[in-house]
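Novice: Coordinates in protein08.txt, compact mmCIF, C-alpha atoms, are listed below.
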# COMPACT_ATOMS: atom_id res chain seq x y z
CA MET A 7 35.79 -14.22 -17.13
CA PRO A 8 35.40 -13.60 -13.37
CA ASP A 9 38.31 -14.41 -11.10
CA SER A 10 38.25 -17.61 -9.10
CA PRO A 11 36.72 -17.13 -5.61
CA THR A 12 40.03 -18.35 -4.16
CA SER A 13 41.98 -15.56 -5.87
CA TYR A 14 40.80 -12.82 -3.50
CA GLY A 15 42.82 -14.01 -0.51
CA LEU A 16 39.73 -14.27 1.71
CA ASP A 17 39.52 -16.57 4.72
CA LEU A 18 37.97 -19.98 4.21
CA HIS A 19 34.53 -18.97 5.49
CA SER A 20 34.25 -15.94 3.17
CA THR A 21 35.64 -17.93 0.23
CA MET A 22 32.91 -20.55 0.70
CA ILE A 23 30.25 -17.83 0.69
CA LEU A 24 31.74 -16.40 -2.51
CA GLU A 25 31.78 -19.87 -4.11
CA ASP A 26 28.13 -20.34 -3.15
CA TYR A 27 27.35 -16.96 -4.75
CA CYS A 28 29.01 -18.00 -8.03
CA ALA A 29 26.98 -21.20 -8.12
CA ARG A 30 23.74 -19.29 -7.53
CA ILE A 31 24.11 -16.66 -10.24
CA PRO A 32 21.40 -18.30 -12.43
CA VAL A 33 19.04 -18.27 -9.43
CA TYR A 34 19.67 -14.59 -8.80
CA GLU A 35 19.07 -13.92 -12.49
CA LYS A 36 15.70 -15.64 -12.19
CA ILE A 37 14.83 -13.62 -9.09
CA LYS A 38 15.72 -10.44 -10.96
CA GLU A 39 13.48 -11.45 -13.87
CA VAL A 40 10.51 -12.32 -11.65
CA VAL A 41 10.79 -9.32 -9.33
CA SER A 42 11.33 -6.76 -12.09
CA GLY A 43 8.47 -8.19 -14.13
CA VAL A 44 5.87 -8.14 -11.35
CA ILE A 45 6.88 -4.69 -10.05
CA LYS A 46 6.64 -3.09 -13.49
CA LYS A 47 3.32 -4.81 -14.20
CA ARG A 48 1.79 -3.81 -10.87
CA LEU A 49 2.91 -0.21 -11.30
CA ASP A 50 1.36 -0.15 -14.76
CA ASP A 51 -1.86 -1.82 -13.57
CA ASN A 52 -2.24 0.86 -10.87
CA GLY A 53 -1.44 3.74 -13.20
CA ILE A 54 1.61 4.76 -11.17
CA ILE A 55 4.14 6.55 -13.37
CA ILE A 56 7.64 6.50 -11.91
CA ALA A 57 10.82 8.38 -12.76
CA ALA A 58 12.94 5.23 -13.06
CA TYR A 59 13.28 1.58 -12.14
CA GLU A 60 16.72 0.09 -11.56
CA SER A 61 17.88 -3.39 -10.61
CA ARG A 62 21.21 -5.14 -10.30
CA ILE A 63 22.92 -8.28 -9.06
CA LYS A 64 25.97 -7.49 -6.94
CA THR A 65 29.18 -8.23 -8.82
CA GLN A 66 31.68 -10.81 -7.63
CA ASP A 67 34.30 -8.12 -7.00
CA SER A 68 31.84 -6.04 -4.96
CA LEU A 69 30.81 -9.03 -2.87
CA ALA A 70 34.44 -10.04 -2.30
CA GLY A 71 35.19 -6.52 -1.05
CA LYS A 72 32.26 -6.68 1.34
CA LEU A 73 33.30 -10.09 2.65
CA GLU A 74 36.85 -8.87 3.13
CA LEU A 75 35.59 -6.12 5.44
CA LYS A 76 32.95 -8.02 7.40
CA GLY A 77 32.70 -11.59 6.19
CA SER A 78 32.56 -12.92 9.76
CA LYS A 79 29.25 -11.15 10.22
CA TYR A 80 27.50 -13.58 7.86
CA ARG A 81 26.86 -17.22 8.64
CA ASN A 82 26.14 -18.06 5.00
CA LEU A 83 25.11 -16.49 1.70
CA ASP A 84 21.46 -16.30 2.76
CA ASP A 85 22.41 -13.74 5.43
CA LEU A 86 23.35 -11.28 2.69
CA THR A 87 20.15 -9.50 1.70
CA ASP A 88 21.54 -7.20 -0.99
CA ILE A 89 22.94 -9.64 -3.56
CA PHE A 90 19.98 -8.68 -5.70
CA GLY A 91 18.53 -5.20 -5.31
CA ALA A 92 15.85 -3.15 -7.03
CA ARG A 93 15.22 0.56 -6.79
CA ILE A 94 11.98 2.40 -7.58
CA ILE A 95 12.37 6.15 -8.04
CA THR A 96 9.19 8.22 -7.87
CA PHE A 97 8.65 11.76 -9.08
CA TYR A 98 7.18 12.89 -5.75
CA ASN A 99 7.95 11.93 -2.16
CA ASP A 100 4.28 11.35 -1.32
CA GLU A 101 4.24 8.57 -3.93
CA VAL A 102 6.95 6.61 -2.09
CA ASP A 103 4.36 5.30 0.36
CA LYS A 104 2.04 4.32 -2.52
CA VAL A 105 4.83 2.30 -4.07
CA ALA A 106 5.68 0.84 -0.66
CA ALA A 107 2.10 -0.40 -0.25
CA LEU A 108 2.33 -2.01 -3.66
CA VAL A 109 5.59 -3.78 -2.74
CA GLU A 110 4.08 -4.95 0.57
CA ASN A 111 1.22 -6.58 -1.31
CA LEU A 112 3.57 -8.30 -3.75
CA PHE A 113 6.29 -9.79 -1.56
CA GLU A 114 6.97 -11.24 1.85
CA ILE A 115 8.56 -8.45 3.91
CA ASP A 116 11.25 -9.04 6.52
CA TRP A 117 10.16 -6.20 8.78
CA ASP A 118 12.94 -6.73 11.33
CA ASN A 119 15.58 -5.92 8.73
CA SER A 120 13.66 -3.35 6.66
CA VAL A 121 14.57 0.28 7.26
CA ASP A 122 12.77 3.59 6.75
CA LYS A 123 15.71 5.98 6.62
CA ARG A 124 13.31 8.89 6.24
CA LYS A 125 12.58 8.55 9.98
CA MET A 126 16.14 8.10 11.19
CA HIS A 127 17.35 11.73 11.16
CA ASP A 128 17.54 13.98 14.18
CA LEU A 129 15.24 16.99 14.14
CA ASP A 130 18.19 19.29 13.53
CA SER A 131 19.87 17.29 10.78
CA PHE A 132 19.28 16.27 7.20
CA GLY A 133 20.68 13.54 5.04
CA TYR A 134 20.11 10.40 3.04
CA MET A 135 16.43 9.49 2.90
CA SER A 136 15.06 6.28 1.45
CA LEU A 137 12.74 3.42 2.29
CA HIS A 138 14.39 -0.03 2.19
CA TYR A 139 12.37 -3.25 2.28
CA ILE A 140 13.99 -6.66 2.64
CA CYS A 141 11.77 -8.99 0.64
CA SER A 142 11.36 -12.52 -0.60
CA ILE A 143 9.21 -14.00 -3.36
CA PRO A 144 6.09 -15.82 -2.08
CA GLU A 145 5.42 -19.26 -3.52
CA SER A 146 2.02 -18.03 -4.70
CA MET A 147 3.85 -15.71 -7.09
CA TYR A 148 6.56 -18.03 -8.34
CA HIS A 149 7.85 -21.44 -7.34
CA ASP A 150 10.37 -23.78 -8.93
CA PRO A 151 10.60 -27.23 -7.27
CA GLU A 152 14.16 -27.59 -8.60
CA HIS A 153 15.18 -24.31 -6.98
CA PRO A 154 13.15 -23.88 -3.76
CA GLU A 155 15.80 -21.43 -2.55
CA ILE A 156 14.24 -18.81 -4.83
CA ASN A 157 11.52 -18.36 -2.21
CA ARG A 158 14.04 -18.28 0.62
CA ILE A 159 16.57 -15.82 -0.76
CA ARG A 160 16.00 -12.29 0.45
CA PHE A 161 16.59 -9.19 -1.63
CA GLU A 162 16.32 -5.44 -1.18
CA VAL A 163 13.84 -3.02 -2.72
CA GLN A 164 14.65 0.67 -2.27
CA MET A 165 12.02 3.35 -2.79
CA ARG A 166 12.70 7.07 -2.89
CA SER A 167 11.79 10.26 -4.73
CA ILE A 168 13.85 11.64 -7.57
CA LEU A 169 15.19 14.45 -5.35
CA GLN A 170 16.10 11.96 -2.64
CA HIS A 171 17.82 9.93 -5.34
CA SER A 172 19.73 13.00 -6.51
CA TRP A 173 20.94 13.62 -2.97
CA ALA A 174 21.96 9.98 -2.50
CA ASN A 175 24.03 10.06 -5.69
CA LEU A 176 25.62 13.36 -4.75
CA TYR A 177 26.52 12.20 -1.27
CA HIS A 178 27.78 8.89 -2.61
CA ASP A 179 30.07 10.63 -5.09
CA THR A 180 31.37 13.35 -2.78
CA GLY A 181 31.09 11.86 0.67
CA TYR A 182 31.92 8.60 2.33
CA LYS A 183 33.05 6.74 -0.82
CA THR A 184 36.01 9.04 -1.48
CA GLY A 185 38.23 7.47 1.15
CA VAL A 186 39.21 10.94 2.35
CA GLU A 187 37.81 12.63 5.45
CA ILE A 188 35.65 15.55 4.32
CA PRO A 189 36.36 18.92 6.04
CA LYS A 190 33.54 20.16 8.26
CA GLN A 191 32.75 23.18 6.08
CA TYR A 192 31.98 20.87 3.14
CA ILE A 193 29.88 18.59 5.32
CA ARG A 194 27.95 21.67 6.44
CA SER A 195 27.40 22.70 2.80
CA LEU A 196 26.19 19.20 1.95
CA ASN A 197 23.77 19.26 4.89
CA ARG A 198 22.44 22.65 3.81
CA LEU A 199 21.87 21.30 0.33
CA ALA A 200 20.15 18.24 1.75
CA GLY A 201 17.82 20.52 3.69
CA LEU A 202 16.98 22.50 0.56
CA LEU A 203 16.25 19.31 -1.37
CA GLU A 204 14.08 17.99 1.45
CA LEU A 205 12.16 21.28 1.58
CA ALA A 206 11.75 21.27 -2.21
CA ASP A 207 10.49 17.68 -2.12
CA ASP A 208 7.85 18.58 0.48
CA GLU A 209 6.83 21.81 -1.27
CA ILE A 210 6.46 20.10 -4.66
CA SER A 211 4.23 17.43 -3.14
CA MET A 212 2.16 20.07 -1.33
CA ILE A 213 1.73 22.18 -4.47
CA ARG A 214 0.78 19.06 -6.43
CA LYS A 215 -1.84 18.17 -3.81
CA ASP A 216 -3.23 21.72 -3.82
CA ILE A 217 -3.49 21.68 -7.63
CA THR A 218 -5.25 18.31 -7.52
CA ASP A 219 -7.69 19.62 -4.90
CA TYR A 220 -8.30 22.73 -7.04
CA ARG A 221 -9.01 20.67 -10.13
CA ARG A 222 -11.45 18.47 -8.23
CA LYS A 223 -13.23 21.57 -6.93
CA VAL A 224 -13.42 23.02 -10.43
CA GLN A 225 -14.72 19.76 -11.87
CA SER A 226 -17.38 19.68 -9.15
CA LEU A 227 -18.42 23.27 -9.88
CA VAL A 228 -18.55 22.59 -13.61
CA ALA A 229 -20.56 19.41 -13.10
CA SER A 230 -23.02 21.25 -10.85
CA GLY A 231 -23.53 23.98 -13.44
CA ASN A 232 -22.17 26.83 -11.31
CA PHE A 233 -20.35 28.21 -14.32
CA ALA A 234 -20.18 31.82 -13.17
CA GLU A 235 -18.01 30.75 -10.22
CA VAL A 236 -15.43 29.02 -12.43
CA PRO A 237 -12.64 31.21 -13.87
CA LEU A 238 -11.78 30.55 -17.49
CA ASN A 239 -8.44 28.79 -18.02
CA GLY A 240 -7.10 25.68 -19.73
CA ASP A 241 -8.18 23.26 -17.01
CA THR A 242 -11.66 24.67 -16.55
CA PHE A 243 -12.30 24.97 -20.28
CA LYS A 244 -11.30 21.33 -20.76
CA SER A 245 -13.71 20.26 -18.00
CA TYR A 246 -16.43 22.38 -19.61
CA LEU A 247 -15.86 20.77 -23.01
CA ASN A 248 -16.29 17.34 -21.42
CA LEU A 249 -19.93 18.32 -20.87
CA GLU A 250 -20.30 18.73 -24.67
CA PRO A 251 -22.01 22.13 -24.36
CA PHE A 252 -22.09 22.70 -28.13
CA GLN A 253 -23.41 19.27 -29.08
CA LYS A 254 -27.06 20.29 -29.46
CA LEU A 255 -26.14 23.17 -31.76
CA ASN A 256 -23.86 20.84 -33.75
CA GLU A 257 -26.72 18.35 -34.15
CA ARG A 258 -29.05 21.14 -35.24
CA ILE A 259 -26.51 22.26 -37.85
CA ALA A 260 -25.85 18.68 -38.99
CA ALA A 261 -29.56 18.17 -39.56
CA ILE A 262 -29.48 20.80 -42.34
CA ASN A 263 -27.88 18.25 -44.68
CA GLN A 264 -28.28 15.12 -42.52
CA ALA A 265 -24.51 15.32 -42.09
CA GLU A 266 -22.20 13.25 -39.96
CA ILE A 267 -20.37 15.05 -37.13
CA VAL A 268 -16.63 14.35 -36.88
CA LYS A 269 -14.95 15.03 -33.52
CA ALA A 270 -12.26 17.72 -33.50
CA ASN A 271 -10.15 19.50 -30.89
CA MET A 272 -11.87 22.55 -29.42
CA MET A 273 -9.11 23.70 -27.06
CA PRO A 274 -7.81 26.34 -29.56
CA PHE A 275 -11.06 28.23 -29.00
CA LEU A 276 -10.00 29.08 -25.43
CA LYS A 277 -7.93 32.05 -26.58
CA VAL A 278 -10.72 33.23 -28.86
CA PHE A 279 -13.26 33.17 -26.03
CA MET A 280 -10.84 35.14 -23.86
CA SER A 281 -10.39 37.71 -26.64
CA LEU A 282 -14.17 38.11 -26.74
CA GLY A 283 -14.16 39.14 -23.07
CA CYS A 284 -15.04 35.80 -21.44
CA LYS A 285 -13.57 35.65 -17.94
CA ASN A 286 -15.43 32.63 -16.59
CA LEU A 287 -17.44 29.70 -17.90
CA GLY A 288 -20.63 31.59 -17.15
CA ASP A 289 -19.66 34.12 -19.82
CA ILE A 290 -19.33 31.33 -22.40
CA GLU A 291 -22.69 29.91 -21.34
CA ALA A 292 -24.29 33.33 -21.72
CA MET A 293 -22.75 33.65 -25.18
CA ARG A 294 -23.96 30.20 -26.16
CA LYS A 295 -27.54 30.98 -25.14
CA GLU A 296 -27.58 34.44 -26.71
CA TYR A 297 -26.02 33.63 -30.07
CA SER A 298 -27.02 30.00 -30.81
CA ASP A 299 -29.82 30.99 -33.20
CA ASP A 300 -27.56 33.40 -35.10
CA ALA A 301 -24.83 30.74 -35.25
CA PHE A 302 -27.37 28.32 -36.73
CA ARG A 303 -28.52 30.90 -39.30
CA LEU A 304 -24.90 31.42 -40.33
CA ALA A 305 -24.50 27.65 -40.79
CA VAL A 306 -27.63 27.51 -42.96
CA PHE A 307 -26.16 30.26 -45.11
CA GLN A 308 -22.82 28.39 -45.34
CA ILE A 309 -23.95 24.82 -46.11
CA GLY A 310 -27.68 24.97 -46.86
CA GLY A 311 -27.17 25.05 -50.60
CA THR A 312 -24.46 22.38 -50.64
CA ASP A 313 -24.41 18.59 -50.50
CA LEU A 314 -21.90 18.60 -47.63
CA ASP A 315 -22.55 15.47 -45.56
CA ILE A 316 -19.67 15.67 -43.05
CA ILE A 317 -19.11 18.55 -40.62
CA SER A 318 -16.58 19.16 -37.87
CA SER A 319 -17.68 19.32 -34.25
CA THR A 320 -16.06 22.78 -34.17
CA VAL A 321 -18.67 24.28 -36.52
CA ALA A 322 -21.03 25.30 -33.73
CA VAL A 323 -18.42 26.88 -31.47
CA GLN A 324 -16.72 28.61 -34.42
CA ASN A 325 -19.96 30.17 -35.58
CA LEU A 326 -20.80 31.24 -32.02
CA CYS A 327 -17.46 33.05 -31.81
CA LEU A 328 -17.91 34.66 -35.21
CA VAL A 329 -21.41 36.02 -34.61
CA CYS A 330 -20.43 37.23 -31.13
CA ALA A 331 -17.36 38.97 -32.58
CA LYS A 332 -19.53 40.66 -35.21
CA ALA A 333 -22.04 41.74 -32.57
CA LYS A 334 -19.17 43.35 -30.67
CA GLY A 335 -18.18 45.33 -33.76
CA ALA A 336 -15.52 43.03 -35.25
CA GLY A 337 -14.20 43.95 -38.69
CA LEU A 338 -12.25 42.09 -41.35
CA LEU A 339 -8.95 42.04 -39.41
CA ASP A 340 -10.70 40.72 -36.30
CA ILE A 341 -12.31 37.86 -38.23
CA LYS A 342 -8.96 37.04 -39.84
CA TRP A 343 -7.29 37.03 -36.42
CA ILE A 344 -9.80 34.44 -35.20
CA LEU A 345 -9.06 32.23 -38.20
CA ASP A 346 -5.30 32.66 -37.72
CA GLU A 347 -5.60 31.62 -34.07
CA LEU A 348 -7.70 28.57 -34.85
CA TYR A 349 -6.02 27.27 -37.98
CA GLY A 350 -2.66 29.01 -38.21
CA GLU A 351 -1.71 32.03 -40.26
CA SER A 352 -2.43 31.64 -43.97
CA SER A 353 -2.99 33.91 -46.96
CA ASN A 354 -6.25 32.04 -47.52
CA ASN A 355 -7.58 33.31 -44.20
CA SER A 356 -7.95 36.83 -45.64
CA MET A 357 -10.31 35.62 -48.38
CA THR A 358 -12.18 33.39 -45.95
CA ALA A 359 -12.56 36.30 -43.53
CA GLU A 360 -13.99 38.48 -46.31
CA ARG A 361 -16.53 35.79 -47.21
CA ILE A 362 -17.55 35.25 -43.58
CA LEU A 363 -17.88 38.98 -42.91
CA SER A 364 -20.07 39.31 -46.00
CA GLN A 365 -22.27 36.45 -44.77
CA LEU A 366 -22.58 38.03 -41.32
CA GLN A 367 -23.54 41.36 -42.85
CA LYS A 368 -26.20 39.79 -45.06
CA LEU A 369 -27.63 38.04 -41.99
CA ASN A 370 -27.73 41.42 -40.26
CA ILE A 371 -25.70 40.17 -37.28
CA ASN A 372 -25.28 43.13 -34.94
Could you render the structure from this file as structure tokens?
Specialist:
Amino acid sequence: MPDSPTSYGLDLHSTMILEDYCARIPVYEKIKEVVSGVIKKRLDDNGIIIAAYESRIKTQDSLAGKLELKGSKYRNLDDLTDIFGARIITFYNDEVDKVAALVENLFEIDWDNSVDKRKMHDLDSFGYMSLHYICSIPESMYHDPEHPEINRIRFEVQMRSILQHSWANLYHDTGYKTGVEIPKQYIRSLNRLAGLLELADDEISMIRKDITDYRRKVQSLVASGNFAEVPLNGDTFKSYLNLEPFQKLNERIAAINQAEIVKANMMPFLKVFMSLGCKNLGDIEAMRKEYSDDAFRLAVFQIGGTDLDIISSTVAVQNLCLVCAKAKGAGLLDIKWILDELYGESSNNSMTAERILSQLQKLNIN
């Protein structure tokens, strides 16, 4: 049970503000519910993944302490803009502005009292960095005729990156909240650390942007068919597979028994293609064109005399790899290695490899 507002020994003015706060707790709870709900929904709708979302209503003890120090500064409870506060923590500092734009579109912003602490440091200093908006809920979002103050009460939304958040917590725990003056050498160490975190934040965002630009370039090259210019790696192979390059061969194989094609993951074939000497997507394309007929012949040998009516979408690419491997002089151990890579090591792979090698030999794959 919270203490009575009169038990803190505050002056009459501050005690009245504290009493007003106690009476408004249900209103603040409603503000917290509305604000948290719309922020989370808007983030989700825009596909923005954040590190964390936090919100809190200032406790009675915390407010009493604040009023004890500077209660005369406030005319009434409405002058206190941090009774309810929310914090949105992003993974990257370049996403803070995206989140800020989202918040601007959701709430009424008190620009005179909002602060961008990222722009407040001198050029030769580092420190706490965060974007603070003082907001209120517009009536178009939520309105309760019995509690019109919900649209009048201001609250704070803080936005910062996870590294900025780490610094803020560190400084809060070791700095001004200790009640002890920190020696200059420790302040210097904290400032050095702040600089490192700020540099790391910028570098991470820059690397992320460069990687995004690279992926877009690769996707453009793949889409344009300039396969020889695209080095073979996980990202490029995935983009290549999105073009369904083996679909026609799969359909040709499926037609042998009028079979249904079931989608399966082809990413495990990346390592196999690399082992066969493919260094770019052009090499895979060349392999596909050169060995498609032999891969089809192998499939006819495998399923032509069966009533198999369901095949995996990996059949075409698997047979391409097998006939290419045989053409490059692969033996039993090489075929088994391919099977181990694709399906995991198993004693059955040795027998399967023997059967496949026999089929390849009968088809005179060289």
Novice: Region 84-176 of chain A near region 204-226 of chain A within 8 Å: what's each residue's closest atom pair and its distance in Å to one decimal, counting all atoms listed in the file, ordered by chain then ascending residue number, as CSV?
Specialist:
residue,atom,partner,partner_atom,distance
A:Tyr98,CA,A:Ser211,CA,6.0
A:Asn99,CA,A:Asp207,CA,6.3
A:Asp100,CA,A:Ser211,CA,6.3
A:Phe132,CA,A:Glu204,CA,7.9
A:Ser167,CA,A:Asp207,CA,8.0
A:Leu169,CA,A:Asp207,CA,6.6
A:Gln170,CA,A:Glu204,CA,7.6
Novice: Using all atoms listed in the file, which residue out of A:Phe302, A:Trp173, A:Phe243, A:Phe90 lies closest to Asn286 (chain A)?
Specialist: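 The answer is A:Phe243, which sits nearest to Asn286 (chain A).
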Novice: For Lys285 (chain A), find every residue with an atom within 8 Å (counting all atoms listed in the file), except residues of its own chain fewer than 4 positions away, and show them as a list of chain:residue names.
Specialist: A:Pro237, A:Leu238, A:Met280, A:Asp289
Novice: Within 8 Å of Gly77 (chain A), counting all atoms listed in the file, which residues qualify if same-chain residues fewer than 4 places away don't, as a PyMOL selection string?
Specialist: chain A and resi 19-20+72-73
Novice: Hey, can you check how far CA of Ser298 (chain A) sits from CA of Ala322 (chain A)?
Specialist: 8.2 Å
Novice: Separation of CA of Ser61 (chain A) and CA of Val41 (chain A), in Å?
Specialist: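 Separating CA of Ser61 (chain A) from CA of Val41 (chain A) is a distance of 9.3 Å.
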Novice: Residues within 12 Å of Leu276 (chain A), please, as a PDB file with C-alpha atoms, in the coordinates of the input. Count only C-alpha atoms; anything in the same chain fewer than 6 positions from it doesn't count.
Specialist:
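File written: selection.pdb
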ATOM      1  CA  LEU A 238     -11.780  30.550 -17.490  1.00  0.00           C
ATOM      2  CA  ASN A 239      -8.440  28.790 -18.020  1.00  0.00           C
ATOM      3  CA  GLY A 240      -7.100  25.680 -19.730  1.00  0.00           C
ATOM      4  CA  ASP A 241      -8.180  23.260 -17.010  1.00  0.00           C
ATOM      5  CA  THR A 242     -11.660  24.670 -16.550  1.00  0.00           C
ATOM      6  CA  PHE A 243     -12.300  24.970 -20.280  1.00  0.00           C
ATOM      7  CA  LYS A 244     -11.300  21.330 -20.760  1.00  0.00           C
ATOM      8  CA  TYR A 246     -16.430  22.380 -19.610  1.00  0.00           C
ATOM      9  CA  LEU A 247     -15.860  20.770 -23.010  1.00  0.00           C
ATOM     10  CA  LEU A 282     -14.170  38.110 -26.740  1.00  0.00           C
ATOM     11  CA  GLY A 283     -14.160  39.140 -23.070  1.00  0.00           C
ATOM     12  CA  CYS A 284     -15.040  35.800 -21.440  1.00  0.00           C
ATOM     13  CA  LYS A 285     -13.570  35.650 -17.940  1.00  0.00           C
ATOM     14  CA  ASN A 286     -15.430  32.630 -16.590  1.00  0.00           C
ATOM     15  CA  LEU A 287     -17.440  29.700 -17.900  1.00  0.00           C
ATOM     16  CA  ILE A 290     -19.330  31.330 -22.400  1.00  0.00           C
ATOM     17  CA  VAL A 323     -18.420  26.880 -31.470  1.00  0.00           C
ATOM     18  CA  GLN A 324     -16.720  28.610 -34.420  1.00  0.00           C
ATOM     19  CA  CYS A 327     -17.460  33.050 -31.810  1.00  0.00           C
ATOM     20  CA  ILE A 344      -9.800  34.440 -35.200  1.00  0.00           C
ATOM     21  CA  GLU A 347      -5.600  31.620 -34.070  1.00  0.00           C
ATOM     22  CA  LEU A 348      -7.700  28.570 -34.850  1.00  0.00           C
TER      23      LEU A 348
END
Novice: List the spatial neighbours of Val268 (chain A) as a CSV table (one decimal) with C-alpha atoms, in the frame of the given file - criterion: any atom at most 9 Å away, all atoms listed in the file, same-chain residues fewer than 3 positions off excluded.
Specialist:
chain,number,residue,atom,x,y,z
A,316,ILE,CA,-19.7,15.7,-43.0
A,317,ILE,CA,-19.1,18.6,-40.6
A,318,SER,CA,-16.6,19.2,-37.9
A,319,SER,CA,-17.7,19.3,-34.2
A,320,THR,CA,-16.1,22.8,-34.2
Novice: Which is closest to Ala260 (chain A) among A:Leu314, A:Ser364, A:Asp88, A:Ala107, if we use only C-alpha atoms?
Specialist: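 For Ala260 (chain A), the nearest of the given residues is A:Leu314.
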Novice: Nearest to Gln308 (chain A) among A:Ser146, A:Thr21, A:Thr358, A:Asn52, with distances taken over only C-alpha atoms: which residue is it?
Specialist: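 Counting only C-alpha atoms, the residue closest to Gln308 (chain A) is A:Thr358.
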Novice: Between A:Ala174, A:Cys330, A:Val33, A:Val306, which one has atoms that come closest to Ile262 (chain A), using only C-alpha atoms?
Specialist: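 Of all the options, A:Val306 lies closest to Ile262 (chain A).
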